[in-house]
$ cat structure_9.cif   # mmCIF, C-alpha atoms
data_work
#
loop_
_atom_site.label_atom_id
_atom_site.label_comp_id
_atom_site.auth_asym_id
_atom_site.auth_seq_id
_atom_site.Cartn_x
_atom_site.Cartn_y
_atom_site.Cartn_z
CA MET P 1 -9.07 3.78 63.18
CA ILE P 2 -10.71 1.49 60.59
CA LYS P 3 -11.82 4.55 58.62
CA GLN P 4 -8.24 5.88 58.63
CA ILE P 5 -6.82 2.54 57.39
CA THR P 6 -9.47 2.34 54.67
CA SER P 7 -8.63 5.88 53.54
CA SER P 8 -4.93 4.96 53.42
CA ILE P 9 -5.63 1.87 51.31
CA LEU P 10 -7.82 3.92 48.97
CA PHE P 11 -5.07 6.54 48.64
CA VAL P 12 -2.48 3.88 47.77
CA PHE P 13 -4.86 2.30 45.25
CA VAL P 14 -5.62 5.64 43.56
CA LEU P 15 -1.94 6.57 43.51
CA GLY P 16 -1.03 3.20 42.03
CA PHE P 17 -3.74 3.51 39.39
CA SER P 18 -2.55 7.01 38.52
CA LEU P 19 1.06 5.90 38.11
CA ASN P 20 0.00 2.91 36.00
CA ALA P 21 -2.12 5.15 33.78
CA GLN P 22 0.97 7.23 33.09
CA GLN P 23 3.14 4.26 32.19
CA GLN P 24 4.00 4.13 28.51
CA VAL P 25 5.71 1.78 26.13
CA LEU P 26 7.94 2.57 23.20
CA ILE P 27 7.65 0.17 20.28
CA PRO P 28 10.96 0.73 18.48
CA MET P 29 11.05 0.40 14.69
CA ASP P 30 14.81 0.51 14.20
CA ALA P 31 17.05 -2.54 13.75
CA SER P 32 16.34 -3.61 17.35
CA GLN P 33 12.73 -4.53 16.50
CA THR P 34 12.20 -8.30 16.32
CA ASN P 35 9.05 -8.17 14.18
CA HIS P 36 8.40 -4.94 12.31
CA LEU P 37 5.41 -6.27 10.38
CA LYS P 38 3.49 -7.54 13.42
CA ALA P 39 4.22 -4.22 15.14
CA TYR P 40 2.11 -2.44 12.54
CA GLY P 41 -0.77 -4.76 13.30
CA VAL P 42 -0.46 -4.17 17.04
CA ILE P 43 -0.54 -0.40 16.50
CA PHE P 44 -3.34 -0.47 13.91
CA ASN P 45 -5.58 -2.57 16.15
CA HIS P 46 -4.74 -0.42 19.19
CA VAL P 47 -5.97 2.65 17.30
CA THR P 48 -9.00 0.71 16.05
CA ASP P 49 -9.90 -0.02 19.68
CA GLY P 50 -10.02 3.71 20.34
CA TYR P 51 -6.62 4.33 21.89
CA PRO P 52 -4.38 7.14 20.61
CA VAL P 53 -0.84 6.45 19.45
CA LYS P 54 2.08 8.78 18.84
CA TRP P 55 4.03 7.98 15.67
CA LEU P 56 7.55 9.33 16.11
CA LEU P 57 8.60 10.12 12.56
CA ASN P 58 12.30 9.58 11.82
CA TYR P 59 12.91 8.61 15.45
CA ARG P 60 14.47 5.15 15.66
CA GLY P 61 12.99 4.03 12.35
CA GLY P 62 9.56 5.56 12.95
CA SER P 63 8.83 4.22 16.42
CA PHE P 64 5.51 4.34 18.29
CA LEU P 65 4.75 5.65 21.78
CA VAL P 66 1.61 4.42 23.54
CA THR P 67 0.08 4.57 27.00
CA VAL P 68 -0.10 1.17 28.68
CA ASP P 69 -3.69 0.12 28.14
CA ASN P 70 -5.76 -2.46 26.31
CA ASP P 71 -3.23 -5.10 27.32
CA ILE P 72 -0.88 -3.90 24.61
CA VAL P 73 2.19 -5.30 26.38
CA ARG P 74 0.79 -8.83 26.39
CA LYS P 75 -0.38 -8.58 22.78
CA SER P 76 3.02 -7.34 21.66
CA ARG P 77 4.90 -10.09 23.44
CA LEU P 78 2.60 -12.78 22.04
CA ARG P 79 3.52 -11.55 18.57
CA ASN P 80 7.25 -11.27 19.32
CA VAL P 81 7.08 -7.48 18.96
CA SER P 82 9.83 -5.69 20.88
CA LEU P 83 8.85 -2.93 23.29
CA GLU P 84 10.47 -0.82 25.96
CA ASN P 85 8.76 0.35 29.15
CA VAL P 86 9.25 4.07 29.71
CA SER P 87 8.18 6.33 32.54
CA ALA P 88 5.94 9.34 32.02
CA ALA P 89 8.99 11.59 32.46
CA LYS P 90 11.00 9.61 29.90
CA ALA P 91 8.08 9.65 27.44
CA ALA P 92 7.78 13.41 27.79
CA SER P 93 11.51 13.73 27.21
CA ILE P 94 11.30 11.65 24.01
CA VAL P 95 8.43 13.76 22.68
CA GLN P 96 10.33 16.94 23.51
CA GLU P 97 13.39 15.62 21.68
CA VAL P 98 11.38 14.62 18.62
CA GLU P 99 9.58 17.97 18.46
CA ARG P 100 12.77 19.98 18.94
CA PRO P 101 13.09 22.77 16.34
CA GLY P 102 15.79 22.05 13.82
CA SER P 103 15.53 18.26 14.07
CA ASN P 104 14.14 16.27 11.14
CA THR P 105 11.75 14.42 13.43
CA SER P 106 8.14 14.97 14.35
CA VAL P 107 5.24 13.54 16.36
CA VAL P 108 2.09 12.53 14.52
CA ASN P 109 -0.99 11.48 16.50
CA LEU P 110 -2.83 8.43 15.18
CA GLU P 111 -6.46 8.65 16.24
CA LYS P 112 -8.84 6.82 13.88
CA ALA P 113 -7.91 3.72 11.92
CA PRO P 114 -9.22 3.57 8.34
CA LYS P 115 -11.69 0.92 7.23
CA ILE P 116 -9.87 -1.15 4.63
CA ALA P 117 -11.07 -2.73 1.39
CA VAL P 118 -9.02 -4.82 -1.02
CA TYR P 119 -10.12 -4.97 -4.65
CA THR P 120 -9.81 -8.66 -5.40
CA PRO P 121 -12.06 -11.58 -6.42
CA ASP P 122 -13.42 -13.83 -3.67
CA GLN P 123 -11.47 -16.85 -4.91
CA ALA P 124 -8.11 -15.06 -4.73
CA LEU P 125 -5.79 -16.45 -2.06
CA PRO P 126 -3.91 -14.13 0.35
CA TRP P 127 -0.53 -14.86 -1.24
CA ASP P 128 -1.78 -13.80 -4.69
CA ASP P 129 -1.18 -10.23 -3.58
CA ALA P 130 1.54 -8.83 -1.31
CA VAL P 131 -0.87 -6.44 0.40
CA THR P 132 -3.40 -9.07 1.44
CA LEU P 133 -0.46 -11.21 2.57
CA ALA P 134 0.90 -8.33 4.67
CA LEU P 135 -2.50 -7.47 6.18
CA THR P 136 -3.18 -11.10 7.03
CA TYR P 137 0.24 -11.55 8.62
CA ALA P 138 -0.07 -8.31 10.61
CA GLU P 139 -3.59 -9.38 11.71
CA VAL P 140 -5.30 -6.32 10.24
CA GLU P 141 -8.91 -6.81 9.17
CA TYR P 142 -10.01 -6.00 5.64
CA ASP P 143 -12.96 -6.67 3.35
CA LYS P 144 -12.79 -7.94 -0.21
CA ILE P 145 -14.70 -6.05 -2.88
CA TRP P 146 -14.87 -6.56 -6.63
CA ASP P 147 -16.44 -4.93 -9.66
CA VAL P 148 -20.06 -5.44 -8.60
CA GLU P 149 -19.51 -3.77 -5.22
CA VAL P 150 -17.51 -0.90 -6.76
CA LEU P 151 -20.15 -0.13 -9.36
CA GLU P 152 -22.92 -0.38 -6.75
CA GLY P 153 -21.31 2.42 -4.74
CA LYS P 154 -19.96 0.29 -1.88
CA LEU P 155 -16.61 2.13 -1.96
CA ASN P 156 -18.19 4.88 0.11
CA GLU P 157 -18.17 2.49 3.08
CA TYR P 158 -14.36 2.40 3.14
CA ASP P 159 -11.57 4.86 3.84
CA TRP P 160 -8.67 2.97 2.21
CA LEU P 161 -8.63 0.86 -0.94
CA HIS P 162 -5.97 -1.40 -2.37
CA LEU P 163 -6.02 -2.49 -5.99
CA HIS P 164 -5.36 -6.14 -6.67
CA HIS P 165 -2.79 -6.91 -9.39
CA GLU P 166 -5.49 -6.12 -11.89
CA ASP P 167 -5.60 -5.30 -15.57
CA PHE P 168 -7.97 -2.36 -15.89
CA THR P 169 -7.58 -2.40 -19.69
CA GLY P 170 -9.62 -5.62 -19.95
CA GLN P 171 -6.78 -7.65 -21.49
CA TYR P 172 -6.67 -10.24 -18.69
CA GLY P 173 -3.14 -9.35 -17.66
CA LYS P 174 -1.93 -9.98 -21.22
CA PHE P 175 -1.45 -13.64 -20.32
CA TRP P 176 -3.10 -14.74 -23.58
CA ALA P 177 0.11 -15.60 -25.45
CA SER P 178 1.39 -17.94 -22.73
CA TYR P 179 -1.75 -19.25 -21.04
CA ASN P 180 -4.74 -19.01 -23.42
CA GLY P 181 -5.15 -22.82 -23.37
CA VAL P 182 -4.70 -23.25 -19.61
CA PRO P 183 -7.84 -24.02 -17.56
CA TRP P 184 -7.38 -21.21 -15.02
CA TYR P 185 -7.07 -18.61 -17.79
CA ILE P 186 -10.12 -19.92 -19.66
CA ALA P 187 -12.16 -19.92 -16.44
CA GLN P 188 -11.07 -16.36 -15.63
CA VAL P 189 -12.11 -15.07 -19.06
CA ARG P 190 -15.50 -16.80 -18.85
CA GLN P 191 -16.10 -15.43 -15.37
CA MET P 192 -15.25 -11.87 -16.42
CA GLU P 193 -17.35 -12.03 -19.61
CA ALA P 194 -20.35 -13.32 -17.66
CA MET P 195 -19.95 -10.52 -15.10
CA ALA P 196 -19.72 -7.86 -17.81
CA LYS P 197 -22.91 -9.14 -19.43
CA GLU P 198 -24.69 -9.24 -16.08
CA LEU P 199 -23.65 -5.64 -15.35
CA GLY P 200 -24.82 -4.45 -18.74
CA PHE P 201 -21.47 -3.97 -20.50
CA SER P 202 -20.78 -5.21 -24.03
CA LYS P 203 -17.12 -5.88 -23.23
CA VAL P 204 -14.97 -6.63 -20.20
CA SER P 205 -12.70 -3.73 -21.22
CA GLU P 206 -15.60 -1.27 -20.93
CA GLN P 207 -16.54 -2.69 -17.54
CA LYS P 208 -12.99 -2.32 -16.24
CA LYS P 209 -12.74 1.25 -17.48
CA ALA P 210 -15.97 2.09 -15.66
CA VAL P 211 -14.53 0.56 -12.49
CA ALA P 212 -11.35 2.65 -12.87
CA ARG P 213 -13.37 5.85 -13.30
CA THR P 214 -15.46 5.00 -10.22
CA ILE P 215 -12.32 4.43 -8.16
CA LYS P 216 -10.84 7.72 -9.37
CA GLU P 217 -14.04 9.48 -8.26
CA TYR P 218 -13.75 7.75 -4.87
CA VAL P 219 -10.25 9.20 -4.45
CA GLY P 220 -11.42 12.64 -5.49
CA ASN P 221 -14.07 12.50 -2.79
CA GLY P 222 -11.50 11.82 -0.06
CA GLY P 223 -10.52 8.16 -0.39
CA PHE P 224 -7.02 6.78 0.13
CA LEU P 225 -5.85 4.60 -2.77
CA PHE P 226 -2.88 2.24 -2.75
CA ALA P 227 -1.90 0.07 -5.72
CA MET P 228 0.92 -2.27 -6.66
CA CYS P 229 2.29 -3.92 -9.80
CA SER P 230 -0.07 -3.79 -12.82
CA GLY P 231 -2.79 -2.23 -10.67
CA THR P 232 -0.84 1.03 -11.11
CA ASP P 233 -0.12 1.61 -14.80
CA THR P 234 -3.17 -0.24 -16.21
CA PHE P 235 -5.36 1.96 -14.00
CA ASP P 236 -3.98 5.11 -15.62
CA ILE P 237 -4.05 3.57 -19.12
CA ALA P 238 -7.74 2.75 -18.66
CA LEU P 239 -8.46 6.32 -17.56
CA ALA P 240 -6.62 7.80 -20.56
CA ALA P 241 -8.42 5.42 -22.95
CA GLU P 242 -11.97 6.33 -21.99
CA GLY P 243 -14.14 5.76 -25.08
CA ILE P 244 -11.20 4.29 -27.03
CA ASP P 245 -10.80 0.61 -27.97
CA ILE P 246 -7.22 -0.39 -27.11
CA ALA P 247 -7.83 -4.16 -26.71
CA PRO P 248 -6.86 -6.43 -29.64
CA ASN P 249 -9.47 -8.87 -30.95
CA GLN P 250 -7.90 -11.75 -28.97
CA PHE P 251 -9.36 -10.07 -25.87
CA ASP P 252 -12.63 -8.48 -26.99
CA GLY P 253 -13.46 -9.89 -30.42
CA ASP P 254 -12.83 -6.77 -32.50
CA ALA P 255 -9.97 -4.63 -33.71
CA VAL P 256 -8.15 -1.83 -31.91
CA ASP P 257 -9.18 1.73 -32.74
CA PRO P 258 -6.67 2.80 -35.45
CA ASN P 259 -6.28 6.22 -33.78
CA ALA P 260 -6.02 4.81 -30.26
CA GLN P 261 -2.58 6.20 -29.46
CA ASN P 262 -3.31 9.70 -30.70
CA ASP P 263 -6.66 9.86 -28.91
CA LEU P 264 -5.34 9.04 -25.42
CA ASP P 265 -6.19 11.78 -22.92
CA TYR P 266 -3.40 12.10 -20.34
CA SER P 267 -5.29 14.83 -18.46
CA LYS P 268 -7.53 12.10 -17.06
CA THR P 269 -4.70 10.07 -15.48
CA LEU P 270 -3.39 10.30 -11.93
CA ALA P 271 0.31 9.54 -12.31
CA PHE P 272 1.56 9.07 -15.87
CA GLU P 273 1.64 11.00 -19.14
CA ASP P 274 3.04 10.81 -22.69
CA PHE P 275 3.13 7.01 -22.63
CA ASN P 276 2.74 4.74 -25.63
CA ILE P 277 0.35 1.82 -25.38
CA ILE P 278 1.52 -1.62 -26.53
CA ILE P 279 -1.27 -3.37 -28.44
CA ASP P 280 0.65 -6.47 -29.51
CA PRO P 281 -1.13 -9.38 -27.74
CA TYR P 282 2.09 -11.39 -27.79
CA GLN P 283 3.98 -8.74 -25.83
CA TYR P 284 3.69 -8.99 -22.04
CA GLU P 285 3.47 -5.22 -21.52
CA HIS P 286 0.63 -2.71 -21.59
CA ALA P 287 2.64 0.46 -22.26
CA ASP P 288 6.12 1.90 -22.06
CA ILE P 289 5.46 3.16 -18.51
CA ASP P 290 7.09 0.03 -17.12
CA VAL P 291 10.84 -0.46 -17.42
CA PRO P 292 12.13 -3.38 -19.51
CA VAL P 293 13.17 -6.61 -17.81
CA GLN P 294 16.85 -6.39 -16.79
CA ILE P 295 17.43 -9.68 -14.99
CA ARG P 296 20.49 -10.48 -17.13
CA GLU P 297 21.79 -6.92 -16.97
CA VAL P 298 21.57 -6.20 -13.23
CA ASP P 299 22.85 -8.62 -10.60
CA GLN P 300 20.21 -9.34 -7.96
CA SER P 301 22.63 -8.45 -5.16
CA LEU P 302 23.07 -4.99 -6.72
CA ASP P 303 19.39 -4.39 -7.47
CA PHE P 304 17.96 -1.94 -4.94
CA PHE P 305 16.07 1.34 -4.68
CA THR P 306 16.60 4.20 -2.27
CA LEU P 307 14.04 6.08 -0.21
CA PHE P 308 14.01 9.87 -0.30
CA GLU P 309 14.27 11.73 2.98
CA PHE P 310 11.57 14.34 3.56
CA SER P 311 11.05 17.03 6.16
CA ALA P 312 9.14 15.39 9.00
CA LYS P 313 7.76 18.73 10.18
CA TRP P 314 6.83 20.22 6.80
CA ASP P 315 6.09 17.12 4.71
CA PRO P 316 4.60 14.63 7.17
CA VAL P 317 2.71 12.49 4.62
CA PRO P 318 5.68 11.48 2.42
CA THR P 319 7.68 11.11 5.62
CA MET P 320 5.12 8.66 7.01
CA LEU P 321 5.06 6.72 3.75
CA THR P 322 8.85 6.24 3.77
CA GLN P 323 9.41 5.32 7.43
CA ASN P 324 11.90 2.46 7.60
CA HIS P 325 14.91 1.11 9.42
CA VAL P 326 17.02 1.24 6.23
CA SER P 327 17.34 3.79 3.44
CA SER P 328 17.95 1.27 0.63
CA VAL P 329 15.50 -1.54 -0.13
CA LYS P 330 16.01 -4.68 -2.22
CA GLY P 331 14.51 -4.47 -5.69
CA PHE P 332 11.88 -6.93 -6.92
CA TYR P 333 10.12 -7.63 -10.20
CA GLY P 334 6.48 -7.73 -11.22
CA GLN P 335 4.48 -7.32 -14.38
CA THR P 336 5.06 -3.66 -13.62
CA THR P 337 8.52 -3.56 -12.04
CA ALA P 338 9.27 0.19 -11.96
CA PHE P 339 8.12 3.36 -13.66
CA ARG P 340 10.08 5.24 -16.31
CA LYS P 341 10.89 8.56 -14.72
CA GLU P 342 10.08 10.58 -17.84
CA LYS P 343 6.53 9.17 -17.87
CA VAL P 344 5.73 10.38 -14.34
CA LYS P 345 3.84 13.68 -14.11
CA SER P 346 5.79 16.59 -12.63
CA SER P 347 3.13 17.06 -9.92
CA VAL P 348 3.83 13.60 -8.49
CA VAL P 349 6.03 13.13 -5.41
CA ILE P 350 8.73 10.52 -5.98
CA LEU P 351 9.23 8.54 -2.77
CA ALA P 352 11.88 6.09 -3.99
CA GLU P 353 13.99 5.52 -7.09
CA SER P 354 16.73 3.24 -8.38
CA PRO P 355 19.94 5.29 -8.44
CA GLY P 356 21.50 5.76 -11.84
CA ARG P 357 18.77 3.87 -13.70
CA ASN P 358 16.19 6.58 -14.51
CA GLN P 359 13.39 4.60 -12.92
CA VAL P 360 11.20 5.19 -9.91
CA LYS P 361 9.64 2.58 -7.66
CA TYR P 362 7.30 4.37 -5.26
CA ILE P 363 5.23 7.52 -5.94
CA HIS P 364 2.45 9.52 -4.30
CA SER P 365 0.20 12.51 -4.82
CA ASN P 366 -3.14 14.10 -4.00
CA TYR P 367 -6.20 14.03 -6.18
CA GLY P 368 -9.18 16.14 -5.15
CA GLN P 369 -9.76 15.56 -1.46
CA GLY P 370 -7.98 12.19 -1.42
CA THR P 371 -4.56 10.69 -2.06
CA TRP P 372 -3.08 7.83 -4.04
CA THR P 373 0.19 5.88 -3.75
CA PHE P 374 1.65 3.55 -6.40
CA TYR P 375 4.31 0.95 -5.53
CA ALA P 376 5.80 -1.01 -8.43
CA GLY P 377 6.64 -4.72 -8.27
CA HIS P 378 4.77 -7.83 -7.15
CA ASP P 379 6.27 -9.14 -3.91
CA PRO P 380 9.09 -7.41 -1.95
CA GLU P 381 10.47 -10.76 -0.79
CA ASP P 382 10.10 -12.73 -4.03
CA TYR P 383 12.53 -11.27 -6.54
CA THR P 384 11.07 -12.79 -9.72
CA HIS P 385 7.58 -13.93 -8.74
CA ARG P 386 6.04 -16.14 -11.45
CA VAL P 387 2.69 -17.83 -11.96
CA ASN P 388 2.37 -20.89 -9.67
CA ASP P 389 5.34 -19.88 -7.48
CA PRO P 390 4.90 -20.96 -3.83
CA PRO P 391 3.57 -18.34 -1.39
CA THR P 392 5.96 -16.10 0.51
CA ASP P 393 6.26 -17.05 4.19
CA LEU P 394 6.43 -13.76 6.09
CA ASP P 395 7.56 -15.57 9.23
CA LEU P 396 10.88 -15.72 7.36
CA HIS P 397 10.80 -11.96 6.67
CA PRO P 398 9.38 -10.26 9.80
CA ASN P 399 11.70 -7.25 9.32
CA SER P 400 11.17 -6.79 5.59
CA PRO P 401 11.82 -3.14 4.59
CA GLY P 402 9.88 -3.67 1.36
CA TYR P 403 6.79 -4.87 3.21
CA ARG P 404 7.12 -2.03 5.71
CA LEU P 405 6.38 0.42 2.91
CA ILE P 406 3.06 -1.34 2.30
CA LEU P 407 2.08 -1.15 5.96
CA ASN P 408 3.06 2.51 6.29
CA ASN P 409 0.18 3.13 3.91
CA ILE P 410 -2.50 1.73 6.22
CA LEU P 411 -1.37 3.92 9.11
CA PHE P 412 -1.01 7.36 7.57
CA PRO P 413 -4.78 7.82 7.03
CA ALA P 414 -5.15 7.50 10.83
CA ALA P 415 -3.01 10.59 11.38
CA LYS P 416 -4.63 13.70 12.76
CA LYS P 417 -3.92 16.56 10.40
CA LYS P 418 -1.85 19.35 11.94
CA LYS P 419 -2.36 22.98 11.05
CA LYS P 420 0.52 24.12 8.87
CA LYS P 421 3.04 26.40 10.52
CA THR P 422 3.14 29.96 9.23
#
$ encode --input "structure_9.cif" --output "structure tokens"
Amino acid sequence: MIKQITSSILFVFVLGFSLNAQQQVLIPMDASQTNHLKAYGVIFNHVTDGYPVKWLLNYRGGSFLVTVDNDIVRKSRLRNVSLENVSAAKAASIVQEVERPGSNTSVVNLEKAPKIAVYTPDQALPWDDAVTLALTYAEVEYDKIWDVEVLEGKLNEYDWLHLHHEDFTGQYGKFWASYNGVPWYIAQVRQMEAMAKELGFSKVSEQKKAVARTIKEYVGNGGFLFAMCSGTDTFDIALAAEGIDIAPNQFDGDAVDPNAQNDLDYSKTLAFEDFNIIIDPYQYEHADIDVPVQIREVDQSLDFFTLFEFSAKWDPVPTMLTQNHVSSVKGFYGQTTAFRKEKVKSSVVILAESPGRNQVKYIHSNYGQGTWTFYAGHDPEDYTHRVNDPPTDLDLHPNSPGYRLILNNILFPAAKKKKKKT
């Protein structure tokens, strides 16, 4: 009799465990989600812990479906992330609906989270850069690396790299005209000159170009690159200007190469071509890739850019990069605010543009075995970010569509590649 009771208890326990193992949760990413940005962190860390996740592209804003494990329910609720309990049958029904032929939806399996590096100096604070701010808020771990680590080959330890709002032309962000007598600018120049000397470079501009070439090689070997603001166009300018002096004497102590413009090699760039460099040290622009400031011409309430819709089944990567709960996103400025459409190479995929203004905001392409994504602007929730502005408080913007685009980029490298349909 005791043996029979014990067997019954064991059967109930096993059955209960089996049912629990099949329980799943849907983390919606449509307008019902209370904290979109924290949701990315929950999912990223769940994958990091070794648990698979289904990313439901174009389904309710790019929602996630996960098996109940690793205490994901508790972690979500602690972070005010909305979730819905679904049965195994309901989960199967959702997947079937998303995979239905003819629908512009698809299931992508996230299996291995990328190891993340952010190219930024140690003394930089998280709010100096929208990406480090987003990663910190979402509770996603990352390492900081700088020129020394890049040139020593440390990039090979990482899968995903973000470029700080850097000036790869060696002109210190072209802040000379406004800030050359300010202590922070003087200290930055001295620090960079000392580093260049230590690394064996005669100029900071030559050091920065070497860093840009090393990063390009990293992408070609399979790395995922993401850059914002001036980390986008100055990167390409530096690549095109290999062996050419484009820095005025205010930055490197000697004159610009008189044939600098004619000698630029656009075949070496990732994104842009046929651009004209701006060598005037008093002008706060590096080239005509960036659009001119239009604060007085465009009302802030009317300044927005629209995301393109891609085929979830045939173009999963651009679809992942544009997942959002809205199709139009508020515009925002930066040293590089948007890219002139005519300067973007024809091989580049445009992910978002400002309608009627001949400018693009968000672009992507492959290079070698890797990929790169450029996102113009400084901070999606700070329209005209300026030096010494207070930091953005993301607790006030937990559903930010602009910040969602940043966090899409840390998830898509985790996607298992599907064989293309024939």
$ resolve_selection --input "structure_9.cif" --expression "the PyMOL selection byres ((chain P and resi 359) around 7)" --output "JSON, numbers by chain"
{"P": [338, 339, 340, 341, 353, 354, 357, 358, 360, 361]}
$ residues_around --input "structure_9.cif" --residues "Val86 (chain P)" --least-positions-apart "6" --cutoff "8 Å" --atoms "all atoms listed in the file" --output "list of chain:residue names"
P:Gln23, P:Gln24, P:Val25, P:Leu26
$ closest_atom_pairs --input "structure_9.cif" --of "region 60-155 of chain P" --to "region 195-213 of chain P" --cutoff "10 Å" --atoms "only C-alpha atoms" --output "tab-separated table"
residue	atom	partner	partner_atom	distance
P:Trp146	CA	P:Val211	CA	9.2
P:Asp147	CA	P:Val211	CA	6.5
P:Val148	CA	P:Leu199	CA	7.6
P:Glu149	CA	P:Val211	CA	9.8
P:Val150	CA	P:Val211	CA	6.6
P:Leu151	CA	P:Val211	CA	6.5
$ write_last_selection --input "structure_9.cif" --atoms "C-alpha atoms" --output "PDB file, in the frame of the given file"
ATOM      1  CA  TRP P 146     -14.870  -6.560  -6.630  1.00  0.00           C
ATOM      2  CA  ASP P 147     -16.440  -4.930  -9.660  1.00  0.00           C
ATOM      3  CA  VAL P 148     -20.060  -5.440  -8.600  1.00  0.00           C
ATOM      4  CA  GLU P 149     -19.510  -3.770  -5.220  1.00  0.00           C
ATOM      5  CA  VAL P 150     -17.510  -0.900  -6.760  1.00  0.00           C
ATOM      6  CA  LEU P 151     -20.150  -0.130  -9.360  1.00  0.00           C
TER       7      LEU P 151
END
$ residues_around --input "structure_9.cif" --residues "region 139-143 of chain P" --least-positions-apart "2" --cutoff "6 Å" --atoms "all atoms listed in the file" --output "PyMOL selection string"
chain P and resi 41+116-117+135-137
$ resolve_selection --input "structure_9.cif" --expression "the PyMOL selection byres ((chain P and resi 73-84) around 8)" --output "PyMOL selection string"
chain P and resi 25-28+32-36+38-39+42+68+71-72+85-86
$ resolve_selection --input "structure_9.cif" --expression "the PyMOL selection byres ((chain P and resi 288) around 9)" --output "number ranges by chain"
P: 275-278, 285-287, 289-292, 339-340, 343
$ residues_around --input "structure_9.cif" --residues "Asp129 (chain P)" --least-positions-apart "3" --cutoff "10 Å" --atoms "all atoms listed in the file" --output "ChimeraX atom specification"
/P:118,120,124-126,132-134,163-165,228-229,378-379,391
$ write_last_selection --input "structure_9.cif" --atoms "C-alpha atoms" --output "CSV table (one decimal), in the frame of the given file"
chain,number,residue,atom,x,y,z
P,118,VAL,CA,-9.0,-4.8,-1.0
P,120,THR,CA,-9.8,-8.7,-5.4
P,124,ALA,CA,-8.1,-15.1,-4.7
P,125,LEU,CA,-5.8,-16.4,-2.1
P,126,PRO,CA,-3.9,-14.1,0.4
P,132,THR,CA,-3.4,-9.1,1.4
P,133,LEU,CA,-0.5,-11.2,2.6
P,134,ALA,CA,0.9,-8.3,4.7
P,163,LEU,CA,-6.0,-2.5,-6.0
P,164,HIS,CA,-5.4,-6.1,-6.7
P,165,HIS,CA,-2.8,-6.9,-9.4
P,228,MET,CA,0.9,-2.3,-6.7
P,229,CYS,CA,2.3,-3.9,-9.8
P,378,HIS,CA,4.8,-7.8,-7.2
P,379,ASP,CA,6.3,-9.1,-3.9
P,391,PRO,CA,3.6,-18.3,-1.4
$ closest_residue --input "structure_9.cif" --among "P:Asp236, P:Val182, P:His46, P:Pro316" --to "Glu273 (chain P)" --atoms "only C-alpha atoms"
P:Asp236
$ closest_residue --input "structure_9.cif" --among "P:Val317, P:Val298, P:Val329, P:Ala177" --to "Asn409 (chain P)" --atoms "all atoms listed in the file"
P:Val317
$ residues_near_point --input "structure_9.cif" --point "(9.8, 11.5, 20.7)" --cutoff "10 Å" --atoms "all atoms listed in the file" --output "PyMOL selection string"
chain P and resi 26+54-60+62-65+90-100+105-108
$ closest_residue --input "structure_9.cif" --among "P:Thr67, P:Asp303, P:Asp274, P:Asp128" --to "Asn262 (chain P)" --atoms "all atoms listed in the file"
P:Asp274
$ closest_residue --input "structure_9.cif" --among "P:Ala260, P:Leu321, P:Ala376, P:Ile145" --to "Val349 (chain P)" --atoms "all atoms listed in the file"
P:Leu321
$ closest_residue --input "structure_9.cif" --among "P:Asp30, P:Glu152, P:Glu217, P:Asp167" --to "Gly368 (chain P)" --atoms "only C-alpha atoms"
P:Glu217
$ residues_around --input "structure_9.cif" --residues "region 397-406 of chain P" --least-positions-apart "2" --cutoff "9 Å" --atoms "only C-alpha atoms" --output "tab-separated table (two decimals) with C-alpha atoms, keeping the file's coordinate frame"
chain	number	residue	atom	x	y	z
P	31	ALA	CA	17.05	-2.54	13.75
P	33	GLN	CA	12.73	-4.53	16.50
P	34	THR	CA	12.20	-8.30	16.32
P	35	ASN	CA	9.05	-8.17	14.18
P	36	HIS	CA	8.40	-4.94	12.31
P	37	LEU	CA	5.41	-6.27	10.38
P	38	LYS	CA	3.49	-7.54	13.42
P	40	TYR	CA	2.11	-2.44	12.54
P	130	ALA	CA	1.54	-8.83	-1.31
P	131	VAL	CA	-0.87	-6.44	0.40
P	134	ALA	CA	0.90	-8.33	4.67
P	226	PHE	CA	-2.88	2.24	-2.75
P	321	LEU	CA	5.06	6.72	3.75
P	322	THR	CA	8.85	6.24	3.77
P	323	GLN	CA	9.41	5.32	7.43
P	324	ASN	CA	11.90	2.46	7.60
P	325	HIS	CA	14.91	1.11	9.42
P	326	VAL	CA	17.02	1.24	6.23
P	327	SER	CA	17.34	3.79	3.44
P	328	SER	CA	17.95	1.27	0.63
P	329	VAL	CA	15.50	-1.54	-0.13
P	330	LYS	CA	16.01	-4.68	-2.22
P	331	GLY	CA	14.51	-4.47	-5.69
P	375	TYR	CA	4.31	0.95	-5.53
P	379	ASP	CA	6.27	-9.14	-3.91
P	380	PRO	CA	9.09	-7.41	-1.95
P	381	GLU	CA	10.47	-10.76	-0.79
P	392	THR	CA	5.96	-16.10	0.51
P	393	ASP	CA	6.26	-17.05	4.19
P	394	LEU	CA	6.43	-13.76	6.09
P	395	ASP	CA	7.56	-15.57	9.23
P	408	ASN	CA	3.06	2.51	6.29
P	409	ASN	CA	0.18	3.13	3.91
P	410	ILE	CA	-2.50	1.73	6.22
